[in-house]
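**Q** Next comes final.cif, mmCIF, C-alpha atoms:
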data_data
loop_
_atom_site.group_PDB
_atom_site.id
_atom_site.type_symbol
_atom_site.label_atom_id
_atom_site.label_comp_id
_atom_site.auth_asym_id
_atom_site.auth_seq_id
_atom_site.Cartn_x
_atom_site.Cartn_y
_atom_site.Cartn_z
ATOM 1 C CA MET A 19 0.000 0.000 0.000
ATOM 2 C CA SER A 20 1.385 3.399 -0.968
ATOM 3 C CA LYS A 21 2.394 6.087 1.538
ATOM 4 C CA ARG A 22 -0.268 8.405 0.225
ATOM 5 C CA THR A 23 -2.929 5.737 0.745
ATOM 6 C CA ARG A 24 -1.796 5.111 4.311
ATOM 7 C CA SER A 25 -1.972 8.838 4.924
ATOM 8 C CA ALA A 26 -5.526 8.967 3.568
ATOM 9 C CA ALA A 27 -6.515 6.033 5.780
ATOM 10 C CA ALA A 28 -5.019 7.819 8.783
ATOM 11 C CA ASP A 29 -7.021 10.942 7.952
ATOM 12 C CA ASP A 30 -10.194 8.850 7.809
ATOM 13 C CA ALA A 31 -9.445 7.392 11.211
ATOM 14 C CA LYS A 32 -9.126 10.918 12.612
ATOM 15 C CA SER A 33 -12.199 12.264 10.848
ATOM 16 C CA GLY A 34 -15.471 13.038 12.570
ATOM 17 C CA LEU A 35 -17.148 10.011 11.042
ATOM 18 C CA ALA A 36 -14.707 7.327 12.168
ATOM 19 C CA ILE A 37 -15.359 5.197 15.227
ATOM 20 C CA SER A 38 -13.209 6.296 18.143
ATOM 21 C CA GLU A 39 -12.027 4.159 21.023
ATOM 22 C CA ALA A 40 -14.228 6.146 23.391
ATOM 23 C CA ALA A 41 -17.338 4.838 21.619
ATOM 24 C CA ALA A 42 -16.575 1.198 22.367
ATOM 25 C CA GLY A 43 -18.713 1.116 25.485
ATOM 26 C CA ALA A 44 -20.207 4.612 25.461
ATOM 27 C CA GLY A 45 -18.465 5.125 28.817
ATOM 28 C CA VAL A 46 -19.370 7.476 31.639
ATOM 29 C CA LEU A 47 -20.501 10.181 29.221
ATOM 30 C CA GLY A 48 -23.146 7.860 27.840
ATOM 31 C CA LEU A 49 -24.454 7.036 31.305
ATOM 32 C CA LEU A 50 -24.564 10.670 32.401
ATOM 33 C CA GLY A 51 -26.268 11.740 29.195
ATOM 34 C CA PHE A 52 -28.783 8.946 29.539
ATOM 35 C CA ALA A 53 -29.572 9.892 33.152
ATOM 36 C CA GLY A 54 -29.988 13.593 32.345
ATOM 37 C CA LEU A 55 -32.249 13.081 29.332
ATOM 38 C CA PHE A 56 -34.270 10.383 31.073
ATOM 39 C CA LEU A 57 -34.956 12.641 34.059
ATOM 40 C CA LEU A 58 -36.076 15.350 31.661
ATOM 41 C CA ALA A 59 -38.311 12.800 29.928
ATOM 42 C CA LEU A 60 -39.897 11.988 33.309
ATOM 43 C CA VAL A 61 -40.629 15.677 33.873
ATOM 44 C CA PHE A 62 -42.498 15.892 30.562
ATOM 45 C CA PHE A 63 -44.248 12.606 31.371
ATOM 46 C CA VAL A 64 -45.588 14.027 34.628
ATOM 47 C CA ALA A 65 -46.630 17.168 32.733
ATOM 48 C CA GLU A 66 -48.557 14.860 30.359
ATOM 49 C CA SER A 67 -46.462 15.841 27.314
ATOM 50 C CA TYR A 68 -46.205 12.234 26.297
ATOM 51 C CA PHE A 69 -44.706 12.686 22.828
ATOM 52 C CA LEU A 70 -41.846 14.865 24.094
ATOM 53 C CA SER A 71 -41.343 12.437 26.948
ATOM 54 C CA MET A 72 -41.064 9.443 24.626
ATOM 55 C CA LEU A 73 -38.841 11.356 22.207
ATOM 56 C CA LEU A 74 -36.450 12.328 24.991
ATOM 57 C CA ALA A 75 -36.476 8.744 26.266
ATOM 58 C CA SER A 76 -35.449 7.513 22.804
ATOM 59 C CA LEU A 77 -32.643 10.089 22.638
ATOM 60 C CA ALA A 78 -31.548 9.037 26.117
ATOM 61 C CA LEU A 79 -31.233 5.447 24.921
ATOM 62 C CA LEU A 80 -29.308 6.592 21.864
ATOM 63 C CA VAL A 81 -26.890 8.576 24.025
ATOM 64 C CA TYR A 82 -26.529 5.543 26.280
ATOM 65 C CA VAL A 83 -25.268 3.320 23.441
ATOM 66 C CA ALA A 84 -23.460 5.979 21.385
ATOM 67 C CA GLY A 85 -21.857 8.068 24.112
ATOM 68 C CA SER A 86 -19.521 10.703 22.662
ATOM 69 C CA GLU A 87 -20.312 9.401 19.160
ATOM 70 C CA MET A 88 -23.863 10.761 19.368
ATOM 71 C CA GLY A 89 -23.144 13.798 17.187
ATOM 72 C CA LYS A 90 -21.299 11.682 14.623
ATOM 73 C CA LEU A 91 -24.163 9.203 14.552
ATOM 74 C CA LEU A 92 -26.678 11.960 13.796
ATOM 75 C CA ILE A 93 -24.483 13.489 11.074
ATOM 76 C CA SER A 94 -23.847 10.068 9.567
ATOM 77 C CA SER A 95 -27.559 9.250 9.572
ATOM 78 C CA LEU A 96 -28.371 12.467 7.708
ATOM 79 C CA THR A 97 -25.562 11.837 5.215
ATOM 80 C CA ILE A 98 -26.661 8.268 4.552
ATOM 81 C CA PHE A 99 -30.331 9.200 4.309
ATOM 82 C CA PHE A 100 -29.983 12.089 1.872
ATOM 83 C CA SER A 101 -26.948 11.154 -0.246
ATOM 84 C CA SER A 102 -25.445 8.163 -2.021
ATOM 85 C CA LYS A 103 -21.916 8.803 -0.786
ATOM 86 C CA HIS A 104 -20.102 6.598 1.686
ATOM 87 C CA LEU A 105 -18.978 7.990 5.026
ATOM 88 C CA ILE A 106 -15.322 6.979 4.594
ATOM 89 C CA ARG A 107 -13.239 8.068 1.625
ATOM 90 C CA ASN A 108 -11.685 4.643 1.063
ATOM 91 C CA ALA A 109 -15.143 3.193 0.459
ATOM 92 C CA THR A 110 -15.875 6.040 -1.951
ATOM 93 C CA TYR A 111 -12.686 5.196 -3.855
ATOM 94 C CA LEU A 112 -13.852 1.582 -3.993
ATOM 95 C CA GLN A 113 -17.285 2.585 -5.263
ATOM 96 C CA GLU A 114 -15.868 4.854 -7.991
ATOM 97 C CA THR A 115 -13.226 2.356 -9.106
ATOM 98 C CA VAL A 116 -15.743 -0.495 -9.352
ATOM 99 C CA VAL A 117 -17.861 1.572 -11.761
ATOM 100 C CA GLU A 118 -14.858 2.137 -14.033
ATOM 101 C CA LEU A 119 -13.668 -1.467 -13.832
ATOM 102 C CA ARG A 120 -17.111 -2.808 -14.725
ATOM 103 C CA ARG A 121 -17.144 -0.564 -17.760
ATOM 104 C CA ALA A 122 -13.624 -1.610 -18.784
ATOM 105 C CA LEU A 123 -14.249 -5.346 -18.289
ATOM 106 C CA GLN A 124 -17.733 -5.441 -19.759
ATOM 107 C CA LEU A 125 -18.472 -8.365 -22.041
ATOM 108 C CA ARG A 126 -19.439 -7.438 -25.592
ATOM 109 C CA LYS A 127 -21.139 -9.899 -27.932
ATOM 110 C CA ASP A 128 -21.625 -10.053 -31.681
ATOM 111 C CA GLU A 129 -24.920 -10.410 -33.562
ATOM 112 C CA THR A 130 -25.026 -14.193 -33.053
ATOM 113 C CA GLY A 131 -24.591 -13.946 -29.285
ATOM 114 C CA TRP A 132 -20.948 -15.073 -29.088
ATOM 115 C CA VAL A 133 -18.503 -13.122 -26.946
ATOM 116 C CA LYS A 134 -16.731 -10.656 -29.182
ATOM 117 C CA VAL A 135 -14.475 -8.889 -26.679
ATOM 118 C CA GLY A 136 -13.554 -9.494 -23.064
ATOM 119 C CA PRO A 137 -13.557 -9.621 -20.318
ATOM 120 C CA LEU A 138 -9.917 -8.641 -20.907
ATOM 121 C CA GLU A 139 -7.140 -9.363 -23.362
ATOM 122 C CA ALA A 140 -3.750 -10.504 -22.041
ATOM 123 C CA GLY A 141 -1.491 -7.524 -21.329
ATOM 124 C CA ALA A 142 -4.268 -5.046 -22.010
ATOM 125 C CA LYS A 143 -4.064 -1.482 -20.733
ATOM 126 C CA ILE A 144 -6.833 -0.207 -18.498
ATOM 127 C CA ARG A 145 -7.255 3.530 -17.882
ATOM 128 C CA LEU A 146 -8.710 4.463 -14.485
ATOM 129 C CA THR A 147 -9.274 7.799 -12.746
ATOM 130 C CA ASP A 148 -6.534 8.692 -10.276
ATOM 131 C CA ASN A 149 -7.159 7.864 -6.621
ATOM 132 C CA PRO A 150 -5.200 5.999 -3.886
ATOM 133 C CA LEU A 151 -6.907 2.677 -4.658
ATOM 134 C CA VAL A 152 -6.019 2.848 -8.357
ATOM 135 C CA ARG A 153 -2.391 3.621 -7.481
ATOM 136 C CA ASP A 154 -2.330 0.601 -5.168
ATOM 137 C CA ILE A 155 -3.691 -1.556 -7.987
ATOM 138 C CA GLN A 156 -0.869 -0.286 -10.189
ATOM 139 C CA VAL A 157 1.731 -1.324 -7.623
ATOM 140 C CA VAL A 158 0.170 -4.771 -7.119
ATOM 141 C CA LEU A 159 0.081 -5.500 -10.841
ATOM 142 C CA ARG A 160 3.528 -4.097 -11.525
ATOM 143 C CA ARG A 161 5.162 -6.158 -8.781
ATOM 144 C CA GLU A 162 3.041 -9.245 -9.554
ATOM 145 C CA LYS A 163 2.057 -9.764 -5.937
ATOM 146 C CA GLY A 164 -0.597 -12.370 -6.701
ATOM 147 C CA SER A 165 -4.244 -12.794 -5.820
ATOM 148 C CA GLU A 166 -3.786 -13.125 -2.041
ATOM 149 C CA TYR A 167 -2.111 -9.734 -1.764
ATOM 150 C CA THR A 168 -4.715 -8.155 -4.036
ATOM 151 C CA ASP A 169 -7.456 -9.462 -1.737
ATOM 152 C CA TYR A 170 -5.659 -7.857 1.189
ATOM 153 C CA VAL A 171 -5.465 -4.512 -0.615
ATOM 154 C CA ALA A 172 -9.152 -4.666 -1.526
ATOM 155 C CA HIS A 173 -10.106 -5.511 2.055
ATOM 156 C CA GLN A 174 -8.370 -2.394 3.379
ATOM 157 C CA TYR A 175 -10.743 -0.250 1.342
ATOM 158 C CA TYR A 176 -13.783 -2.099 2.650
ATOM 159 C CA VAL A 177 -13.420 -3.102 6.272
ATOM 160 C CA ASP A 178 -13.377 0.307 8.016
ATOM 161 C CA CYS A 179 -16.561 1.511 6.361
ATOM 162 C CA ARG A 180 -18.288 -1.830 6.972
ATOM 163 C CA GLU A 181 -17.445 -1.659 10.677
ATOM 164 C CA LEU A 182 -18.735 1.927 10.871
ATOM 165 C CA TYR A 183 -22.056 1.005 9.258
ATOM 166 C CA ASP A 184 -22.457 -2.055 11.493
ATOM 167 C CA HIS A 185 -21.730 0.053 14.573
ATOM 168 C CA PHE A 186 -24.319 2.737 13.835
ATOM 169 C CA HIS A 187 -26.869 0.218 12.566
ATOM 170 C CA ALA A 188 -26.645 -1.700 15.846
ATOM 171 C CA ASN A 189 -27.155 1.482 17.895
ATOM 172 C CA LEU A 190 -30.293 2.461 15.985
ATOM 173 C CA GLU A 191 -31.678 -1.091 16.049
ATOM 174 C CA PHE A 192 -31.236 -1.163 19.834
ATOM 175 C CA VAL A 193 -33.332 1.979 20.311
ATOM 176 C CA ALA A 194 -35.938 0.740 17.817
ATOM 177 C CA GLY A 195 -36.259 -2.486 19.792
ATOM 178 C CA VAL A 196 -36.620 -0.811 23.204
ATOM 179 C CA MET A 197 -39.093 1.974 22.359
ATOM 180 C CA PRO A 198 -42.143 -0.348 22.052
ATOM 181 C CA LEU A 199 -41.331 -1.549 25.578
ATOM 182 C CA PHE A 200 -41.468 2.032 26.858
ATOM 183 C CA GLY A 201 -44.837 2.366 25.156
ATOM 184 C CA LEU A 202 -45.966 -0.828 26.873
ATOM 185 C CA ILE A 203 -44.891 0.561 30.238
ATOM 186 C CA GLY A 204 -47.055 3.628 29.609
ATOM 187 C CA THR A 205 -49.949 1.365 28.654
ATOM 188 C CA VAL A 206 -49.634 -0.618 31.883
ATOM 189 C CA LEU A 207 -49.443 2.567 33.957
ATOM 190 C CA GLY A 208 -52.590 3.870 32.242
ATOM 191 C CA LEU A 209 -54.444 0.619 32.896
ATOM 192 C CA ILE A 210 -53.392 0.608 36.535
ATOM 193 C CA GLY A 211 -54.699 4.160 36.877
ATOM 194 C CA MET A 212 -57.984 3.154 35.277
ATOM 195 C CA PHE A 213 -58.487 0.245 37.685
ATOM 196 C CA ASP A 214 -57.645 2.455 40.655
ATOM 197 C CA THR A 215 -60.401 4.892 39.705
ATOM 198 C CA LEU A 216 -63.059 2.259 39.166
ATOM 199 C CA GLY A 217 -65.946 2.544 41.569
ATOM 200 C CA ALA A 218 -69.605 3.337 41.966
ATOM 201 C CA ASN A 219 -69.152 6.932 40.787
ATOM 202 C CA THR A 220 -66.825 6.147 37.860
ATOM 203 C CA SER A 221 -67.433 8.188 34.706
ATOM 204 C CA VAL A 222 -65.832 8.546 31.313
ATOM 205 C CA GLU A 223 -64.335 11.865 32.389
ATOM 206 C CA ASN A 224 -62.540 10.149 35.259
ATOM 207 C CA LEU A 225 -61.138 7.381 33.069
ATOM 208 C CA SER A 226 -60.132 9.479 30.037
ATOM 209 C CA PRO A 227 -56.720 10.681 31.368
ATOM 210 C CA GLN A 228 -55.571 7.139 32.085
ATOM 211 C CA LEU A 229 -56.950 5.916 28.757
ATOM 212 C CA ALA A 230 -55.126 8.730 26.957
ATOM 213 C CA LEU A 231 -51.901 7.765 28.727
ATOM 214 C CA ALA A 232 -52.263 4.107 27.698
ATOM 215 C CA LEU A 233 -53.060 4.817 24.057
ATOM 216 C CA LYS A 234 -50.687 7.729 23.448
ATOM 217 C CA THR A 235 -47.587 6.081 24.888
ATOM 218 C CA THR A 236 -48.275 2.936 22.866
ATOM 219 C CA LEU A 237 -48.737 4.987 19.703
ATOM 220 C CA TYR A 238 -45.657 7.173 20.232
ATOM 221 C CA GLY A 239 -43.517 4.179 21.111
ATOM 222 C CA ALA A 240 -44.524 2.440 17.875
ATOM 223 C CA ILE A 241 -43.963 5.601 15.803
ATOM 224 C CA LEU A 242 -40.496 6.252 17.217
ATOM 225 C CA ALA A 243 -39.534 2.595 16.846
ATOM 226 C CA SER A 244 -40.580 2.774 13.198
ATOM 227 C CA VAL A 245 -38.528 5.929 12.613
ATOM 228 C CA TYR A 246 -35.372 4.414 14.109
ATOM 229 C CA THR A 247 -35.939 1.197 12.158
ATOM 230 C CA VAL A 248 -36.220 3.126 8.885
ATOM 231 C CA ILE A 249 -33.003 5.032 9.583
ATOM 232 C CA ALA A 250 -31.205 1.829 10.583
ATOM 233 C CA SER A 251 -32.374 0.176 7.374
ATOM 234 C CA ARG A 252 -30.489 2.777 5.340
ATOM 235 C CA PHE A 253 -27.252 1.668 6.995
ATOM 236 C CA ASP A 254 -28.186 -1.950 6.265
ATOM 237 C CA GLN A 255 -28.813 -1.084 2.604
ATOM 238 C CA ARG A 256 -25.477 0.698 2.419
ATOM 239 C CA ILE A 257 -23.749 -2.354 3.923
ATOM 240 C CA LYS A 258 -25.234 -4.563 1.194
ATOM 241 C CA ALA A 259 -24.173 -2.108 -1.517
ATOM 242 C CA LEU A 260 -20.644 -1.959 -0.087
ATOM 243 C CA GLU A 261 -20.409 -5.748 0.062
ATOM 244 C CA TYR A 262 -21.582 -5.993 -3.538
ATOM 245 C CA ASP A 263 -18.956 -3.459 -4.674
ATOM 246 C CA TYR A 264 -16.283 -5.319 -2.716
ATOM 247 C CA GLU A 265 -17.216 -8.647 -4.310
ATOM 248 C CA ILE A 266 -17.193 -7.156 -7.824
ATOM 249 C CA PHE A 267 -13.895 -5.428 -7.131
ATOM 250 C CA SER A 268 -12.286 -8.642 -5.876
ATOM 251 C CA HIS A 269 -13.343 -10.525 -9.020
ATOM 252 C CA ALA A 270 -12.125 -7.673 -11.230
ATOM 253 C CA LEU A 271 -8.726 -7.737 -9.517
ATOM 254 C CA GLU A 272 -8.457 -11.474 -10.181
ATOM 255 C CA VAL A 273 -9.075 -10.835 -13.871
ATOM 256 C CA LEU A 274 -6.453 -8.085 -13.944
ATOM 257 C CA VAL A 275 -3.865 -10.276 -12.203
ATOM 258 C CA GLU A 276 -4.518 -13.362 -14.342
ATOM 259 C CA ASN A 277 -4.203 -11.373 -17.563
ATOM 260 C CA LYS A 278 -1.239 -9.310 -16.340
ATOM 261 C CA ALA A 279 -3.052 -6.126 -17.235
ATOM 262 C CA VAL A 280 -1.450 -2.699 -17.052
ATOM 263 C CA VAL A 281 -3.367 0.042 -15.245
ATOM 264 C CA GLU A 282 -2.812 3.600 -16.436
ATOM 265 C CA VAL A 283 -3.827 6.528 -14.263
ATOM 266 C CA GLN A 284 -5.689 9.403 -15.846
ATOM 267 C CA ALA A 285 -6.277 12.728 -14.157
#
How does the structure come out when it is put into C-alpha cells?

**A**
Amino acid sequence: MSKRTRSAAADDAKSGLAISEAAAGAGVLGLLGFAGLFLLALVFFVAESYFLSMLLASLALLVYVAGSEMGKLLISSLTIFFSSKHLIRNATYLQETVVELRRALQLRKDETGWVKVGPLEAGAKIRLTDNPLVRDIQVVLRREKGSEYTDYVAHQYYVDCRELYDHFHANLEFVAGVMPLFGLIGTVLGLIGMFDTLGANTSVENLSPQLALALKTTLYGAILASVYTVIASRFDQRIKALEYDYEIFSHALEVLVENKAVVEVQA
C-alpha cells in the first residue's frame, strides 16, 4: 500500500465520522447523558407531554449506546439518508473504481450472441481515474504480488466503512427495539390508573386521562420505533451495496492479475 494511501486512511481514522475508542462502550458520558435526558423525559411525562417524553427517552437510549459518538451518529444518519456517498473516503474510492472497472471489463457480444471482446485481453491497458486505490492496484500488478495480496489490498478499502455502518446500525436497532417496551410501560401505567379509579361513581371523564396515557404512549412508542428502524435500514442497505462493490472489485482484480493487465492513471 502506498504512503499516500496510508496517509488517507489515517485521515479517515481521525475524521469526525470514524469510530473512536471512546465509543466502544459509550463510557461514563453515555451514562450521564442517559440519566440527564431520562430525568427530563420523566418531567415531561408528569406534565402529560407524552410525545416529548417518549422522544427524549429515545434520545436518552441513543446517548446511552453511542456516548460521545452521538453527534457523529446523527451526522452520519443524515448523510446516509440524503446522499449516495459513503462515510469513509476509502469506500468512496472503492465505489468509484468499481464503476470504471465494470465498464472496462464489460463483455461485448456479436450479432449471433458469441462473446466478441472481453472480459480482458492478455497484457491489455486499463485507464482508471486517479485515486489511492487505483495507485495501489498499479503497484500490485507491476510487482506481480498475486491474488492473495490483491485481496488484502481490496479488504483495506472495505473493512473500516463496513465496521462503521455495522456500529451505527446496531445502535439504531437497539433503540428501535426498546421503544415499544417504553410504550408498553405507559400502557400498563394507564391501565393501573384506570383500575384504581373504578368505583360506583366512575365516569368517562374520570377514566379518560388514564386511557389517553395508555393509548398515546403505545402509539408514540410504535412511531419512534418505526422511525429508528427506517433510519437503521439505510445503513443496512449501504452495507449490502458496499459488500456488492467489494465482491465485484475482488473478481475484477483477479481478472487483472490473471491477464497481467497494465493500469494507467488518468487525471

**Q** Smallest atom-to-atom distance to A:Ala122: which of A:Thr147, A:Ser251, A:Ser71, A:Thr110, using all atoms listed in the file?

**A**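 Looking at the shortest contact to A:Ala122, the residue is A:Thr147.
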
**Q** One number please: atom CA of A:Ile106 to atom CA of A:Glu282, in Å, one decimal.

**A**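 Computing it gives 24.7 Å between the two atoms.
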
**Q** Just checking: using all atoms listed in the file, which residue out of A:Leu105, A:Ala84, A:Leu77, A:Leu112 ends up closest to A:Val196?

**A** A:Leu77

**Q** Could you state which residues are captured by the PyMOL selection byres ((chain A and resi 94) around 12) in this file, as a ChimeraX atom specification?

**A** /A:33-37,87-93,95-106,179,182-183,185-187,190,249-250,252-253,256

**Q** Report as an NGL selection string the full result of the PyMOL selection byres ((chain A and resi 262-271) around 10) when it is applied to this structure.

**A** :A and (109 or 112-117 or 119-120 or 122-123 or 137-138 or 155 or 158-159 or 164-165 or 168-173 or 175-177 or 256-261 or 272-277 or 279)

**Q** Restricted to C-alpha atoms, what would the selected residues look like written as a short mmCIF file (atom, residue, chain, number, x, y, z; two decimals), in the coordinates of the input?

**A**
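The resulting file, selection24.cif, is reproduced below:
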data_model
loop_
_atom_site.label_atom_id
_atom_site.label_comp_id
_atom_site.auth_asym_id
_atom_site.auth_seq_id
_atom_site.Cartn_x
_atom_site.Cartn_y
_atom_site.Cartn_z
CA ALA A 109 -15.14 3.19 0.46
CA LEU A 112 -13.85 1.58 -3.99
CA GLN A 113 -17.28 2.58 -5.26
CA GLU A 114 -15.87 4.85 -7.99
CA THR A 115 -13.23 2.36 -9.11
CA VAL A 116 -15.74 -0.50 -9.35
CA VAL A 117 -17.86 1.57 -11.76
CA LEU A 119 -13.67 -1.47 -13.83
CA ARG A 120 -17.11 -2.81 -14.72
CA ALA A 122 -13.62 -1.61 -18.78
CA LEU A 123 -14.25 -5.35 -18.29
CA PRO A 137 -13.56 -9.62 -20.32
CA LEU A 138 -9.92 -8.64 -20.91
CA ILE A 155 -3.69 -1.56 -7.99
CA VAL A 158 0.17 -4.77 -7.12
CA LEU A 159 0.08 -5.50 -10.84
CA GLY A 164 -0.60 -12.37 -6.70
CA SER A 165 -4.24 -12.79 -5.82
CA THR A 168 -4.72 -8.15 -4.04
CA ASP A 169 -7.46 -9.46 -1.74
CA TYR A 170 -5.66 -7.86 1.19
CA VAL A 171 -5.46 -4.51 -0.62
CA ALA A 172 -9.15 -4.67 -1.53
CA HIS A 173 -10.11 -5.51 2.06
CA TYR A 175 -10.74 -0.25 1.34
CA TYR A 176 -13.78 -2.10 2.65
CA VAL A 177 -13.42 -3.10 6.27
CA ARG A 256 -25.48 0.70 2.42
CA ILE A 257 -23.75 -2.35 3.92
CA LYS A 258 -25.23 -4.56 1.19
CA ALA A 259 -24.17 -2.11 -1.52
CA LEU A 260 -20.64 -1.96 -0.09
CA GLU A 261 -20.41 -5.75 0.06
CA GLU A 272 -8.46 -11.47 -10.18
CA VAL A 273 -9.07 -10.84 -13.87
CA LEU A 274 -6.45 -8.09 -13.94
CA VAL A 275 -3.86 -10.28 -12.20
CA GLU A 276 -4.52 -13.36 -14.34
CA ASN A 277 -4.20 -11.37 -17.56
CA ALA A 279 -3.05 -6.13 -17.24
#

**Q** Could you tell me how far atom CA of A:Leu60 lies from atom CA of A:Leu73, in Å and to one decimal?

**A**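 According to the coordinates, atom CA of A:Leu60 and atom CA of A:Leu73 are separated by 11.2 Å.
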
**Q** Go through A:Val248, A:Val83, A:Ala243, A:Ala232 and flag the residue nearest A:Leu209, using only C-alpha atoms for the distances.

**A**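 Ranking A:Val248, A:Val83, A:Ala243, A:Ala232 by distance to A:Leu209, first place goes to A:Ala232.
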
**Q** If you measure from atom CA of A:Glu191 to atom CA of A:Leu70, what distance in Å do you get, rounded to one decimal?

**A** 20.6 Å

**Q** Any chance you could resolve the PyMOL selection byres ((chain A and resi 239) around 12) against this file and give the residues as a PyMOL selection string?

**A** chain A and resi 68-76+193-205+231-238+240-246

**Q** Taking C-alpha atoms for each residue, export the selection above as a PDB file, in the frame of the given file.

**A**
ATOM      1  CA  TYR A  68     -46.205  12.234  26.297  1.00  0.00           C
ATOM      2  CA  PHE A  69     -44.706  12.686  22.828  1.00  0.00           C
ATOM      3  CA  LEU A  70     -41.846  14.865  24.094  1.00  0.00           C
ATOM      4  CA  SER A  71     -41.343  12.437  26.948  1.00  0.00           C
ATOM      5  CA  MET A  72     -41.064   9.443  24.626  1.00  0.00           C
ATOM      6  CA  LEU A  73     -38.841  11.356  22.207  1.00  0.00           C
ATOM      7  CA  LEU A  74     -36.450  12.328  24.991  1.00  0.00           C
ATOM      8  CA  ALA A  75     -36.476   8.744  26.266  1.00  0.00           C
ATOM      9  CA  SER A  76     -35.449   7.513  22.804  1.00  0.00           C
ATOM     10  CA  VAL A 193     -33.332   1.979  20.311  1.00  0.00           C
ATOM     11  CA  ALA A 194     -35.938   0.740  17.817  1.00  0.00           C
ATOM     12  CA  GLY A 195     -36.259  -2.486  19.792  1.00  0.00           C
ATOM     13  CA  VAL A 196     -36.620  -0.811  23.204  1.00  0.00           C
ATOM     14  CA  MET A 197     -39.093   1.974  22.359  1.00  0.00           C
ATOM     15  CA  PRO A 198     -42.143  -0.348  22.052  1.00  0.00           C
ATOM     16  CA  LEU A 199     -41.331  -1.549  25.578  1.00  0.00           C
ATOM     17  CA  PHE A 200     -41.468   2.032  26.858  1.00  0.00           C
ATOM     18  CA  GLY A 201     -44.837   2.366  25.156  1.00  0.00           C
ATOM     19  CA  LEU A 202     -45.966  -0.828  26.873  1.00  0.00           C
ATOM     20  CA  ILE A 203     -44.891   0.561  30.238  1.00  0.00           C
ATOM     21  CA  GLY A 204     -47.055   3.628  29.609  1.00  0.00           C
ATOM     22  CA  THR A 205     -49.949   1.365  28.654  1.00  0.00           C
ATOM     23  CA  LEU A 231     -51.901   7.765  28.727  1.00  0.00           C
ATOM     24  CA  ALA A 232     -52.263   4.107  27.698  1.00  0.00           C
ATOM     25  CA  LEU A 233     -53.060   4.817  24.057  1.00  0.00           C
ATOM     26  CA  LYS A 234     -50.687   7.729  23.448  1.00  0.00           C
ATOM     27  CA  THR A 235     -47.587   6.081  24.888  1.00  0.00           C
ATOM     28  CA  THR A 236     -48.275   2.936  22.866  1.00  0.00           C
ATOM     29  CA  LEU A 237     -48.737   4.987  19.703  1.00  0.00           C
ATOM     30  CA  TYR A 238     -45.657   7.173  20.232  1.00  0.00           C
ATOM     31  CA  ALA A 240     -44.524   2.440  17.875  1.00  0.00           C
ATOM     32  CA  ILE A 241     -43.963   5.601  15.803  1.00  0.00           C
ATOM     33  CA  LEU A 242     -40.496   6.252  17.217  1.00  0.00           C
ATOM     34  CA  ALA A 243     -39.534   2.595  16.846  1.00  0.00           C
ATOM     35  CA  SER A 244     -40.580   2.774  13.198  1.00  0.00           C
ATOM     36  CA  VAL A 245     -38.528   5.929  12.613  1.00  0.00           C
ATOM     37  CA  TYR A 246     -35.372   4.414  14.109  1.00  0.00           C
TER      38      TYR A 246
END

**Q** Ranking A:Gln228, A:Met212, A:Val280, A:Arg180 by minimum distance to A:Gln255 and counting only C-alpha atoms, which one comes first?

**A**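 Ranking A:Gln228, A:Met212, A:Val280, A:Arg180 by distance to A:Gln255, first place goes to A:Arg180.
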
**Q** Return the single residue from A:Gln174, A:Val281, A:Ala53, A:Val81 that is closest to A:Arg160, with distances computed using only C-alpha atoms.

**A**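 Of A:Gln174, A:Val281, A:Ala53, A:Val81, the one nearest A:Arg160, counting only C-alpha atoms, is A:Val281.
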